[in-house]
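So the structure is just underneath, and the comments pick up after that.
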Amino acid sequence: MTTHLGIMVLFALFVSVVFGVLMRDEPRDQVALGLRLFGVLVVGGVLAGWLLYPLPL
Amino acid sequence: MSSASSGRAHSPLHTYLICAAAWAVPGAGHLWLGRHQKGIVFLFALPLMFACGLWLEGRLFPFEPSQPLVALAAFADVGVGLPYVAAQAAGAGAGRVIAATFEYGNAFLIVAGLLNMLVVLDAFDTAQGRK
């Protein structure tokens, strides 16, 4: 669980659950928004990781 | 979602009490306002996220005005309410800088507090009859 990816997925899960419930009133809408946010956060995180990969540290 | 109090504005004192409860116990404001589904989700999700931050060896930052970024992080940490007070009382949140998960833990702790601040604002809007 304490891999970079695992922690990122856990973080995305919490943020998407809270925002989904906060921003919508109907359970169906909450689930839809939460799933969309979760996907954007995880895919965006992986993409950002690969974009940063060639940069020297 | 039906609510007993939707669209009805509460008195200013009542609104501030709701906000104080929402800050102290994540989700309590929504539960008070009859938004049980939202309140229960916040009640579990935010303290759990905060606990994950502690598990990942994040640090509860002190208020140091000489270091503005640290002070801002401390302000965000406090946003989660009683879980912060309980963690401080238990001596948790010392942070272990050399831990690989230290920065992740900080992110969980800070974001849990900031999300609870948004939840408090939502409870305020709901209590004012805006939602």
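Residue numbers start at 1 in each chain; chains themselves are named A, B, ... in the order of the structure tokens; ligands are numbered from 1 in the order shown.
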Interface residues on chain B facing chain A, 8 Å, only C-alpha atoms, written as a VMD selection string: chain B and resid 1 38 41 to 42 45 to 46 49 101 104 108 115 119 122
Backbone DSSP call of helix (DSSP H, G or I) for chain A, listed as JSON, numbers by chain: {"A": [4, 5, 6, 7, 8, 9, 10, 11, 12, 13, 14, 15, 16, 17, 18, 19, 20, 21, 22, 23, 27, 28, 29, 30, 31, 32, 33, 34, 35, 36, 37, 38, 39, 40, 41, 42, 43, 44, 45, 46, 47, 48, 49, 50, 51, 52]}
Output C-alpha atoms of each residue in that selection to a file, as a PDB file, in the first residue's frame.
```
ATOM      1  CA  HIS A   4       3.887   5.900  -4.616  1.00  0.00           C
ATOM      2  CA  LEU A   5       1.032   4.664  -6.800  1.00  0.00           C
ATOM      3  CA  GLY A   6      -0.872   3.142  -3.883  1.00  0.00           C
ATOM      4  CA  ILE A   7      -0.690   6.323  -1.829  1.00  0.00           C
ATOM      5  CA  MET A   8      -1.692   8.431  -4.839  1.00  0.00           C
ATOM      6  CA  VAL A   9      -4.716   6.194  -5.458  1.00  0.00           C
ATOM      7  CA  LEU A  10      -5.679   6.405  -1.769  1.00  0.00           C
ATOM      8  CA  PHE A  11      -5.348  10.198  -1.854  1.00  0.00           C
ATOM      9  CA  ALA A  12      -7.427  10.396  -5.043  1.00  0.00           C
ATOM     10  CA  LEU A  13     -10.059   8.172  -3.445  1.00  0.00           C
ATOM     11  CA  PHE A  14     -10.492  10.417  -0.392  1.00  0.00           C
ATOM     12  CA  VAL A  15     -10.520  13.643  -2.404  1.00  0.00           C
ATOM     13  CA  SER A  16     -12.972  12.336  -5.006  1.00  0.00           C
ATOM     14  CA  VAL A  17     -15.333  10.911  -2.364  1.00  0.00           C
ATOM     15  CA  VAL A  18     -15.430  14.180  -0.412  1.00  0.00           C
ATOM     16  CA  PHE A  19     -15.773  16.412  -3.500  1.00  0.00           C
ATOM     17  CA  GLY A  20     -18.343  14.131  -5.104  1.00  0.00           C
ATOM     18  CA  VAL A  21     -20.543  14.202  -2.009  1.00  0.00           C
ATOM     19  CA  LEU A  22     -19.921  17.901  -1.371  1.00  0.00           C
ATOM     20  CA  MET A  23     -20.671  19.169  -4.868  1.00  0.00           C
ATOM     21  CA  PRO A  27     -26.473   9.951  -4.865  1.00  0.00           C
ATOM     22  CA  ARG A  28     -26.315   9.036  -8.562  1.00  0.00           C
ATOM     23  CA  ASP A  29     -24.722  12.401  -9.398  1.00  0.00           C
ATOM     24  CA  GLN A  30     -22.343  12.067  -6.454  1.00  0.00           C
ATOM     25  CA  VAL A  31     -21.114   8.691  -7.678  1.00  0.00           C
ATOM     26  CA  ALA A  32     -20.741   9.977 -11.249  1.00  0.00           C
ATOM     27  CA  LEU A  33     -18.739  13.029 -10.184  1.00  0.00           C
ATOM     28  CA  GLY A  34     -16.672  11.002  -7.724  1.00  0.00           C
ATOM     29  CA  LEU A  35     -15.743   8.430 -10.355  1.00  0.00           C
ATOM     30  CA  ARG A  36     -14.864  11.133 -12.868  1.00  0.00           C
ATOM     31  CA  LEU A  37     -12.700  12.984 -10.338  1.00  0.00           C
ATOM     32  CA  PHE A  38     -11.012   9.770  -9.270  1.00  0.00           C
ATOM     33  CA  GLY A  39     -10.160   8.912 -12.870  1.00  0.00           C
ATOM     34  CA  VAL A  40      -8.875  12.392 -13.637  1.00  0.00           C
ATOM     35  CA  LEU A  41      -6.713  12.455 -10.497  1.00  0.00           C
ATOM     36  CA  VAL A  42      -5.185   9.012 -11.039  1.00  0.00           C
ATOM     37  CA  VAL A  43      -4.673   9.294 -14.800  1.00  0.00           C
ATOM     38  CA  GLY A  44      -3.487  12.896 -14.447  1.00  0.00           C
ATOM     39  CA  GLY A  45      -1.033  11.886 -11.740  1.00  0.00           C
ATOM     40  CA  VAL A  46       0.428   9.073 -13.822  1.00  0.00           C
ATOM     41  CA  LEU A  47       0.646  11.332 -16.896  1.00  0.00           C
ATOM     42  CA  ALA A  48       2.302  14.107 -14.896  1.00  0.00           C
ATOM     43  CA  GLY A  49       4.762  11.546 -13.525  1.00  0.00           C
ATOM     44  CA  TRP A  50       5.740  10.424 -17.023  1.00  0.00           C
ATOM     45  CA  LEU A  51       6.009  14.033 -18.252  1.00  0.00           C
ATOM     46  CA  LEU A  52       8.373  14.834 -15.386  1.00  0.00           C
TER      47      LEU A  52
END
```
Two-atom distance - atom CA of B:Gly105, atom CA of A:Pro54 (Å): 26.1 Å
Distance of atom CA of B:Leu118 from atom CA of B:Leu60, expressed in Å to one decimal place: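 Value for the atom CA of B:Leu60-atom CA of B:Leu118 distance: 19.7 Å.
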B:Ala24 surroundings by only C-alpha atoms, 8 Å radius, close-in-sequence under 6 positions cut, as an mmCIF file with N, CA and C atoms, in the first residue's frame:
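What ended up in part.cif:
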```cif
data_model
loop_
_atom_site.group_PDB
_atom_site.id
_atom_site.type_symbol
_atom_site.label_atom_id
_atom_site.label_comp_id
_atom_site.auth_asym_id
_atom_site.auth_seq_id
_atom_site.Cartn_x
_atom_site.Cartn_y
_atom_site.Cartn_z
ATOM 1 N N VAL B 80 -9.164 20.301 10.475
ATOM 2 C CA VAL B 80 -9.894 19.030 10.609
ATOM 3 C C VAL B 80 -10.610 18.910 11.960
ATOM 4 N N GLY B 81 -10.299 19.822 12.901
ATOM 5 C CA GLY B 81 -11.058 19.884 14.157
ATOM 6 C C GLY B 81 -10.562 18.964 15.249
ATOM 7 N N LEU B 82 -11.476 18.271 15.891
ATOM 8 C CA LEU B 82 -11.118 17.457 17.061
ATOM 9 C C LEU B 82 -10.102 16.352 16.771
#
```
Shell around B:Phe75 at 10 Å using only C-alpha atoms, local window under 2 positions removed, as a list in words: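 In the requested form, the answer reads Leu60, Phe61, Pro62, Phe63, Leu69, Val70, Ala71, Leu72, Ala73, Asp77, Val78, Gly79, Val80, Ile110, Gly113 and Leu114 of chain B.
Taking atom CA of B:Pro83 and atom CA of B:Asn106 as the two end points, the separation is 14.9 Å.
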